[in-house]
Amino acid sequence: MAPKNLELTRDPESFSSEDLLALFRGQVLCVRIPSFCPVEVCSVMSERIQNHHTLAYYPHAPEIGRVMNAFYEGNSDPTKREQYYQGVRQATFEFRNFSWPYLNPMDHLRLLLEDAWPAGAIRENIHGRPMAFGLAQLFKKGACALPHQDFLRMDEPENERAQTLITQVTALVYVQPAEPGGNLQLWREHYNHDEFMLRKNQDTYGLDYNKIPPPAVEITPQTGDLVLADSTKAHAVTKVEEGLRIAVNCFLGFRGIQEPLTFWS
């Protein structure tokens, strides 16, 4: 029987494969583990992310910064795609150093998945090359993310390995929430390409709020929270009203109960 509450709250000890299955099956929209990353580790990471030498801002969203490269950024550019793969090993070490000498929350997540999921968890590999793991995003005052959907299977329609994905989850650890703003909005709806384009704001990348229902869940994150949410369904980040919103994240892929989970950025 599907839980009435669309948000599950767990601690690392009680988190289980049943929680993940509820998310994969659409019975819940998110699983939240409060204080997953200790406050002192978040403080170290926040400072290092803000001062990292590779911090860059998206050309189409100059109020949003990122450290490390996301796979989708090179989706239509073979040169960027090759740069992404060539930089995977170095990016992994640099991302881990955000929290050194403490355990990085993305590595903590990987261990948590290994313990919770019967078939374990492995790094995603759709081109015969391991993918990067760990991305930091920084939202300045006034920044937001419009309602959108993320699905590797849609980004890579010709890739056989990507097409075996059943669903995809985003995993976010909030190392510095905004004060206030920067809430995570989640919808029950997933729109196919044609319907997405019909409901899209023509001047932006995102869905038009006036053409979709209100979000089913809105999360106000606290420092150190881990949130797992279905990224194939519409989701958004509300405008940052004060301060900075800094989160580290990755994607998780689900291919079936007997298959390992995969992770990538």
# chains A, B, ... in the order shown; residues from 1 in each chain; ligands from 1
call {"tool": "residues_around", "arguments": {"residues": "Gly253 (chain A)", "least_positions_apart": "4", "cutoff": "6 Å", "atoms": "only C-alpha atoms", "output": "count of residues only"}}
result
3
call {"tool": "residues_around", "arguments": {"residues": "region 123-138 of chain A", "least_positions_apart": "2", "cutoff": "6 Å", "atoms": "only C-alpha atoms", "output": "list in words"}}
result
Ile64, Gly65, Arg66, Val67, Met68, Val88, Arg161, Arg245, Ile246, Ala247, Val248, Asn249, Cys250, Thr262, Phe263, Trp264 and Ser265 of chain A
call {"tool": "write_last_selection", "arguments": {"atoms": "N, CA and C atoms", "output": "compact mmCIF listing (two decimals), in the first residue's frame"}}
result
# COMPACT_ATOMS: atom_id res chain seq x y z
N ILE A 64 24.08 31.36 -11.01
CA ILE A 64 24.28 29.99 -10.53
C ILE A 64 25.69 29.54 -10.89
N GLY A 65 26.45 29.17 -9.88
CA GLY A 65 27.81 28.70 -10.10
C GLY A 65 27.92 27.21 -9.91
N ARG A 66 28.99 26.63 -10.43
CA ARG A 66 29.22 25.20 -10.23
C ARG A 66 30.72 24.92 -10.19
N VAL A 67 31.06 23.90 -9.42
CA VAL A 67 32.41 23.38 -9.36
C VAL A 67 32.35 21.92 -9.79
N MET A 68 33.14 21.54 -10.75
CA MET A 68 33.15 20.26 -11.45
C MET A 68 32.16 20.34 -12.62
N VAL A 88 37.71 13.03 -15.39
CA VAL A 88 36.96 12.33 -14.35
C VAL A 88 37.84 11.99 -13.14
N ARG A 161 23.05 1.42 -23.28
CA ARG A 161 23.17 1.32 -21.81
C ARG A 161 22.26 2.34 -21.13
N ARG A 245 22.85 29.46 -1.46
CA ARG A 245 22.42 28.07 -1.39
C ARG A 245 23.52 27.23 -2.03
N ILE A 246 24.19 26.40 -1.25
CA ILE A 246 25.25 25.55 -1.76
C ILE A 246 24.89 24.10 -1.47
N ALA A 247 24.86 23.29 -2.51
CA ALA A 247 24.56 21.87 -2.36
C ALA A 247 25.50 21.07 -3.23
N VAL A 248 25.83 19.87 -2.79
CA VAL A 248 26.57 18.92 -3.62
C VAL A 248 25.60 17.82 -4.02
N ASN A 249 25.78 17.30 -5.22
CA ASN A 249 24.78 16.37 -5.72
C ASN A 249 25.35 15.35 -6.70
N CYS A 250 24.53 14.35 -6.99
CA CYS A 250 24.81 13.36 -8.02
C CYS A 250 23.48 12.75 -8.43
N THR A 262 23.42 2.75 -9.91
CA THR A 262 24.58 3.45 -10.46
C THR A 262 24.55 4.90 -10.02
N PHE A 263 25.71 5.53 -10.02
CA PHE A 263 25.79 6.93 -9.61
C PHE A 263 26.73 7.68 -10.55
N TRP A 264 26.42 8.96 -10.78
CA TRP A 264 27.22 9.80 -11.67
C TRP A 264 26.81 11.26 -11.50
N SER A 265 27.59 12.14 -12.09
CA SER A 265 27.27 13.57 -12.11
C SER A 265 27.46 14.11 -13.52
call {"tool": "closest_residue", "arguments": {"among": "A:Ile49, A:Leu184, A:Leu8, A:Leu244", "to": "Val28 (chain A)", "atoms": "only C-alpha atoms"}}
result
A:Leu8
call {"tool": "residues_around", "arguments": {"residues": "Leu226 (chain A)", "least_positions_apart": "4", "cutoff": "12 Å", "atoms": "only C-alpha atoms", "output": "PyMOL selection string"}}
result
chain A and resi 8-12+15+30-38+42+105-106+108-109+112+170-175+177+219-222+247-250
call {"tool": "write_last_selection", "arguments": {"atoms": "C-alpha atoms", "output": "short mmCIF file (atom, residue, chain, number, x, y, z; two decimals), in the first residue's frame"}}
result
data_model
loop_
_atom_site.label_atom_id
_atom_site.label_comp_id
_atom_site.auth_asym_id
_atom_site.auth_seq_id
_atom_site.Cartn_x
_atom_site.Cartn_y
_atom_site.Cartn_z
CA LEU A 8 9.79 9.88 3.90
CA THR A 9 12.14 10.92 6.72
CA ARG A 10 14.77 8.42 7.77
CA ASP A 11 18.11 8.22 9.55
CA PRO A 12 21.10 6.35 8.11
CA PHE A 15 17.26 3.75 5.66
CA CYS A 30 11.44 12.06 -1.86
CA VAL A 31 13.38 10.48 0.98
CA ARG A 32 15.04 12.84 3.43
CA ILE A 33 17.83 12.06 5.91
CA PRO A 34 18.30 15.06 8.24
CA SER A 35 21.82 15.93 9.44
CA PHE A 36 23.37 13.41 7.04
CA CYS A 37 26.50 15.56 6.86
CA PRO A 38 27.78 17.11 10.15
CA CYS A 42 29.40 21.45 5.81
CA PRO A 105 29.09 13.21 1.96
CA MET A 106 28.98 11.77 -1.57
CA HIS A 108 29.10 8.52 2.61
CA LEU A 109 26.10 8.21 0.28
CA LEU A 112 24.94 3.95 2.46
CA THR A 170 18.83 13.14 -7.78
CA ALA A 171 20.73 13.07 -4.48
CA LEU A 172 21.39 16.45 -2.84
CA VAL A 173 23.35 17.27 0.32
CA TYR A 174 22.81 20.84 1.50
CA VAL A 175 26.08 22.19 2.85
CA PRO A 177 20.96 26.38 2.71
CA ILE A 219 11.13 21.13 1.06
CA THR A 220 12.91 23.74 3.16
CA PRO A 221 16.34 22.13 3.59
CA GLN A 222 18.46 22.38 6.70
CA ALA A 247 24.56 21.87 -2.36
CA VAL A 248 26.57 18.92 -3.62
CA ASN A 249 24.78 16.37 -5.72
CA CYS A 250 24.81 13.36 -8.02
#
call {"tool": "atom_distance", "arguments": {"atom1": "CA of Ala56 (chain A)", "atom2": "CA of Leu207 (chain A)"}}
result
25.0 Å
call {"tool": "residues_around", "arguments": {"residues": "region 96-103 of chain A", "least_positions_apart": "3", "cutoff": "8 Å", "atoms": "only C-alpha atoms", "output": "PyMOL selection string"}}
result
chain A and resi 41-42+44-45+48-49+92-93+107-108
call {"tool": "residues_around", "arguments": {"residues": "Asn192 (chain A)", "least_positions_apart": "5", "cutoff": "12 Å", "atoms": "only C-alpha atoms", "output": "ChimeraX atom specification"}}
result
/A:148-151,154,197-200,232-234
call {"tool": "write_last_selection", "arguments": {"atoms": "C-alpha atoms", "output": "PDB file, in the first residue's frame"}}
result
ATOM      1  CA  HIS A 148      12.518  20.882 -15.310  1.00  0.00           C
ATOM      2  CA  GLN A 149      13.263  17.156 -15.624  1.00  0.00           C
ATOM      3  CA  ASP A 150      16.551  15.219 -15.713  1.00  0.00           C
ATOM      4  CA  PHE A 151      16.800  11.781 -17.308  1.00  0.00           C
ATOM      5  CA  MET A 154      16.305  11.143 -22.681  1.00  0.00           C
ATOM      6  CA  MET A 197       7.490  21.661 -24.987  1.00  0.00           C
ATOM      7  CA  LEU A 198       3.807  22.647 -24.935  1.00  0.00           C
ATOM      8  CA  ARG A 199       4.011  23.561 -21.248  1.00  0.00           C
ATOM      9  CA  LYS A 200       7.449  25.157 -21.483  1.00  0.00           C
ATOM     10  CA  THR A 232      12.514  12.375 -14.061  1.00  0.00           C
ATOM     11  CA  LYS A 233       9.511  14.194 -12.592  1.00  0.00           C
ATOM     12  CA  ALA A 234       9.258  17.989 -12.671  1.00  0.00           C
TER      13      ALA A 234
END
call {"tool": "residues_around", "arguments": {"residues": "Pro215 (chain A)", "least_positions_apart": "3", "cutoff": "9 Å", "atoms": "only C-alpha atoms", "output": "PyMOL selection string"}}
result
chain A and resi 185-188+212+218+234-235
call {"tool": "atom_distance", "arguments": {"atom1": "CA of Ser17 (chain A)", "atom2": "CA of Leu29 (chain A)"}}
result
15.3 Å
call {"tool": "residues_around", "arguments": {"residues": "Leu146 (chain A)", "least_positions_apart": "4", "cutoff": "10 Å", "atoms": "only C-alpha atoms", "output": "PyMOL selection string"}}
result
chain A and resi 185+201+204-209+234-239
call {"tool": "atom_distance", "arguments": {"atom1": "CA of Asp194 (chain A)", "atom2": "CA of Glu7 (chain A)"}}
result
29.0 Å
call {"tool": "closest_residue", "arguments": {"among": "A:Ala145, A:Asn5, A:Ser46, A:Asn210", "to": "Ala22 (chain A)", "atoms": "only C-alpha atoms"}}
result
A:Asn5
call {"tool": "select_by_dssp", "arguments": {"residues": "region 6-239 of chain A", "states": "strand (DSSP E)", "output": "PyMOL selection string"}}
result
chain A and resi 7-9+30-33+56-58+61-67+121-123+135-139+145-148+167-176+184-186+217-219+226-230+235-237
call {"tool": "closest_residue", "arguments": {"among": "A:Gly224, A:Asn69, A:Leu252, A:Lys141", "to": "Arg81 (chain A)", "atoms": "only C-alpha atoms"}}
result
A:Asn69
call {"tool": "closest_residue", "arguments": {"among": "A:Phe71, A:Arg255, A:Lys211, A:Thr54", "to": "Thr164 (chain A)", "atoms": "only C-alpha atoms"}}
result
A:Arg255
